[in-house]
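Okay, entry_34.cif is below, mmCIF, N, CA, C and O atoms:
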data_query
#
loop_
_atom_site.label_atom_id
_atom_site.label_comp_id
_atom_site.auth_asym_id
_atom_site.auth_seq_id
_atom_site.Cartn_x
_atom_site.Cartn_y
_atom_site.Cartn_z
N MET A 1 -1.11 14.59 10.20
CA MET A 1 0.21 14.23 10.70
C MET A 1 0.10 13.42 11.98
O MET A 1 0.81 12.45 12.16
N ALA A 2 -0.80 13.80 12.87
CA ALA A 2 -0.98 13.06 14.11
C ALA A 2 -1.47 11.65 13.82
O ALA A 2 -1.12 10.72 14.54
N GLU A 3 -2.27 11.50 12.75
CA GLU A 3 -2.76 10.18 12.38
C GLU A 3 -1.61 9.24 12.03
O GLU A 3 -1.63 8.07 12.39
N MET A 4 -0.60 9.74 11.34
CA MET A 4 0.54 8.91 10.95
C MET A 4 1.31 8.43 12.18
O MET A 4 1.84 7.33 12.18
N LYS A 5 1.33 9.24 13.21
CA LYS A 5 2.03 8.86 14.43
C LYS A 5 1.36 7.64 15.06
O LYS A 5 2.03 6.77 15.60
N ASN A 6 0.04 7.57 14.96
CA ASN A 6 -0.71 6.44 15.50
C ASN A 6 -0.39 5.14 14.76
O ASN A 6 -0.53 4.07 15.33
N TYR A 7 -0.03 5.23 13.51
CA TYR A 7 0.22 4.06 12.68
C TYR A 7 1.69 3.72 12.52
O TYR A 7 2.04 2.76 11.84
N GLN A 8 2.58 4.50 13.12
CA GLN A 8 4.01 4.31 12.89
C GLN A 8 4.49 2.91 13.30
O GLN A 8 5.29 2.31 12.61
N MET A 9 3.98 2.37 14.40
CA MET A 9 4.40 1.03 14.82
C MET A 9 3.97 -0.02 13.81
O MET A 9 4.74 -0.92 13.47
N ALA A 10 2.76 0.11 13.29
CA ALA A 10 2.28 -0.84 12.28
C ALA A 10 3.12 -0.73 11.01
O ALA A 10 3.47 -1.74 10.39
N ILE A 11 3.46 0.49 10.61
CA ILE A 11 4.30 0.71 9.43
C ILE A 11 5.66 0.06 9.64
O ILE A 11 6.17 -0.66 8.77
N ASP A 12 6.25 0.28 10.80
CA ASP A 12 7.56 -0.29 11.11
C ASP A 12 7.53 -1.82 11.11
O ASP A 12 8.46 -2.46 10.63
N LEU A 13 6.47 -2.41 11.65
CA LEU A 13 6.34 -3.87 11.66
C LEU A 13 6.27 -4.43 10.24
O LEU A 13 6.93 -5.43 9.92
N LEU A 14 5.47 -3.80 9.39
CA LEU A 14 5.37 -4.25 8.01
C LEU A 14 6.71 -4.12 7.29
O LEU A 14 7.09 -4.98 6.51
N ARG A 15 7.42 -3.04 7.57
CA ARG A 15 8.71 -2.82 6.92
C ARG A 15 9.73 -3.85 7.37
O ARG A 15 10.46 -4.43 6.56
N CYS A 16 9.80 -4.10 8.67
CA CYS A 16 10.82 -5.01 9.21
C CYS A 16 10.52 -6.47 8.91
O CYS A 16 11.40 -7.21 8.50
N HIS A 17 9.29 -6.90 9.13
CA HIS A 17 8.96 -8.31 9.04
C HIS A 17 8.60 -8.78 7.64
O HIS A 17 8.79 -9.95 7.31
N LEU A 18 8.09 -7.87 6.80
CA LEU A 18 7.71 -8.26 5.45
C LEU A 18 8.63 -7.67 4.39
O LEU A 18 8.48 -7.96 3.22
N GLY A 19 9.53 -6.79 4.82
CA GLY A 19 10.48 -6.20 3.87
C GLY A 19 9.85 -5.18 2.94
O GLY A 19 10.35 -4.95 1.84
N LEU A 20 8.76 -4.56 3.36
CA LEU A 20 8.10 -3.56 2.53
C LEU A 20 8.78 -2.21 2.68
O LEU A 20 9.42 -1.93 3.69
N THR A 21 8.63 -1.38 1.65
CA THR A 21 9.08 0.00 1.78
C THR A 21 8.04 0.75 2.62
O THR A 21 6.94 0.25 2.85
N GLU A 22 8.39 1.95 3.04
CA GLU A 22 7.44 2.73 3.84
C GLU A 22 6.17 3.02 3.04
O GLU A 22 5.06 2.94 3.57
N GLU A 23 6.31 3.34 1.77
CA GLU A 23 5.15 3.62 0.93
C GLU A 23 4.28 2.37 0.74
O GLU A 23 3.05 2.46 0.77
N GLU A 24 4.91 1.20 0.56
CA GLU A 24 4.15 -0.04 0.43
C GLU A 24 3.40 -0.36 1.73
O GLU A 24 2.24 -0.79 1.69
N ALA A 25 4.05 -0.13 2.86
CA ALA A 25 3.41 -0.38 4.15
C ALA A 25 2.21 0.55 4.35
O ALA A 25 1.14 0.12 4.79
N LYS A 26 2.38 1.81 3.99
CA LYS A 26 1.27 2.76 4.11
C LYS A 26 0.11 2.35 3.21
O LYS A 26 -1.05 2.47 3.59
N HIS A 27 0.43 1.86 2.02
CA HIS A 27 -0.62 1.42 1.11
C HIS A 27 -1.37 0.23 1.71
O HIS A 27 -2.60 0.17 1.64
N GLN A 28 -0.64 -0.72 2.28
CA GLN A 28 -1.28 -1.89 2.88
C GLN A 28 -2.23 -1.49 4.02
O GLN A 28 -3.23 -2.16 4.26
N LEU A 29 -1.90 -0.43 4.72
CA LEU A 29 -2.73 0.05 5.82
C LEU A 29 -3.81 1.02 5.36
O LEU A 29 -4.62 1.47 6.15
N GLY A 30 -3.81 1.34 4.06
CA GLY A 30 -4.81 2.26 3.53
C GLY A 30 -4.53 3.71 3.87
O GLY A 30 -5.45 4.52 3.93
N LEU A 31 -3.27 4.04 4.07
CA LEU A 31 -2.90 5.40 4.47
C LEU A 31 -2.32 6.23 3.33
O LEU A 31 -1.95 7.37 3.53
N ASP A 32 -2.23 5.65 2.14
CA ASP A 32 -1.66 6.40 1.03
C ASP A 32 -2.74 7.18 0.30
O ASP A 32 -3.93 7.03 0.57
N LYS A 33 -2.33 8.01 -0.61
CA LYS A 33 -3.27 8.87 -1.34
C LYS A 33 -3.46 8.37 -2.77
O LYS A 33 -3.67 9.15 -3.67
N THR A 34 -3.38 7.05 -2.97
CA THR A 34 -3.59 6.49 -4.30
C THR A 34 -4.79 5.58 -4.26
O THR A 34 -5.17 5.07 -3.22
N LYS A 35 -5.38 5.39 -5.41
CA LYS A 35 -6.48 4.45 -5.48
C LYS A 35 -6.02 3.21 -6.24
O LYS A 35 -5.12 3.26 -7.06
N THR A 36 -6.65 2.11 -5.96
CA THR A 36 -6.30 0.84 -6.58
C THR A 36 -7.28 0.55 -7.71
O THR A 36 -8.48 0.63 -7.52
N VAL A 37 -6.73 0.22 -8.86
CA VAL A 37 -7.54 -0.11 -10.02
C VAL A 37 -7.14 -1.50 -10.47
O VAL A 37 -5.95 -1.79 -10.63
N GLU A 38 -8.12 -2.38 -10.67
CA GLU A 38 -7.80 -3.72 -11.15
C GLU A 38 -7.71 -3.71 -12.66
O GLU A 38 -8.52 -3.10 -13.35
N LYS A 39 -6.70 -4.40 -13.16
CA LYS A 39 -6.54 -4.56 -14.60
C LYS A 39 -6.58 -6.04 -14.93
O LYS A 39 -6.02 -6.84 -14.20
N LYS A 40 -7.24 -6.39 -16.04
CA LYS A 40 -7.30 -7.78 -16.44
C LYS A 40 -6.00 -8.21 -17.09
O LYS A 40 -5.41 -7.49 -17.89
N ASP A 41 -5.58 -9.41 -16.73
CA ASP A 41 -4.43 -10.03 -17.36
C ASP A 41 -4.98 -11.04 -18.35
O ASP A 41 -5.55 -12.06 -17.94
N THR A 42 -4.83 -10.79 -19.63
CA THR A 42 -5.43 -11.66 -20.64
C THR A 42 -4.71 -13.00 -20.76
O THR A 42 -5.27 -13.95 -21.28
N SER A 43 -3.50 -13.11 -20.23
CA SER A 43 -2.77 -14.36 -20.38
C SER A 43 -3.25 -15.45 -19.42
O SER A 43 -3.15 -16.62 -19.74
N GLY A 44 -3.76 -15.08 -18.25
CA GLY A 44 -4.16 -16.12 -17.32
C GLY A 44 -5.41 -15.81 -16.53
O GLY A 44 -5.81 -16.57 -15.66
N GLY A 45 -6.04 -14.70 -16.82
CA GLY A 45 -7.26 -14.34 -16.12
C GLY A 45 -7.04 -13.82 -14.71
O GLY A 45 -7.96 -13.69 -13.95
N ILE A 46 -5.81 -13.51 -14.37
CA ILE A 46 -5.50 -12.98 -13.05
C ILE A 46 -5.65 -11.47 -13.09
O ILE A 46 -5.24 -10.82 -14.04
N ASN A 47 -6.24 -10.91 -12.04
CA ASN A 47 -6.35 -9.45 -11.96
C ASN A 47 -5.13 -8.89 -11.26
O ASN A 47 -4.80 -9.28 -10.15
N TRP A 48 -4.45 -7.99 -11.93
CA TRP A 48 -3.29 -7.32 -11.35
C TRP A 48 -3.72 -5.97 -10.83
O TRP A 48 -4.68 -5.39 -11.32
N LEU A 49 -3.02 -5.46 -9.85
CA LEU A 49 -3.36 -4.17 -9.28
C LEU A 49 -2.49 -3.08 -9.88
O LEU A 49 -1.29 -3.25 -10.04
N ASP A 50 -3.10 -1.98 -10.21
CA ASP A 50 -2.40 -0.82 -10.75
C ASP A 50 -2.61 0.32 -9.78
O ASP A 50 -3.73 0.71 -9.51
N TYR A 51 -1.52 0.85 -9.24
CA TYR A 51 -1.60 1.93 -8.27
C TYR A 51 -1.41 3.24 -9.01
O TYR A 51 -0.34 3.55 -9.48
N SER A 52 -2.47 4.01 -9.10
CA SER A 52 -2.38 5.28 -9.80
C SER A 52 -2.87 6.39 -8.88
O SER A 52 -3.73 6.19 -8.05
N GLU A 53 -2.29 7.57 -9.06
CA GLU A 53 -2.66 8.70 -8.23
C GLU A 53 -4.02 9.22 -8.62
O GLU A 53 -4.42 9.16 -9.77
N GLU A 54 -4.73 9.73 -7.63
CA GLU A 54 -6.07 10.27 -7.88
C GLU A 54 -5.99 11.60 -8.56
O GLU A 54 -5.09 12.33 -8.47
#
In structure tokens, how does this file's structure come out?
Amino acid sequence: MAEMKNYQMAIDLLRCHLGLTEEEAKHQLGLDKTKTVEKKDTSGGINWLDYSEE
């Protein structure tokens, strides 16, 4: 909990300036409890990110 207090300003900046939700901001900072898995997009070769819980 104390760790989140240290990051609250960064979370608020991401939310205000980039329009992210709190959960999206936490994910960008690496503070969420999900892992990122890349999935292949067969239509264009672009890798999309899939956020799934551990």
Practice task
Provide the atom CA of Lys5 of chain A to atom CA of Asp32 of chain A distance in Å, to one decimal place.
Solution key: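 Atom-to-atom, atom CA of Lys5 of chain A to atom CA of Asp32 of chain A, that is 14.1 Å.
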Fill in the blank from the handout: A straight line from atom O of Gln28 of chain A to atom CA of Asn6 of chain A spans 14.4 Å
Problem - Exercise: Thr21 of chain A partners within 8 Å, all atoms listed in the file, chain neighbours under 6 positions left out, as an MDAnalysis selection string - result: chainID A and resid 11:12 14:15 27:28
Handout entry: Point-to-point distance in Å for atom N of Lys33 of chain A and atom CA of His17 of chain A
Key = 22.1 Å
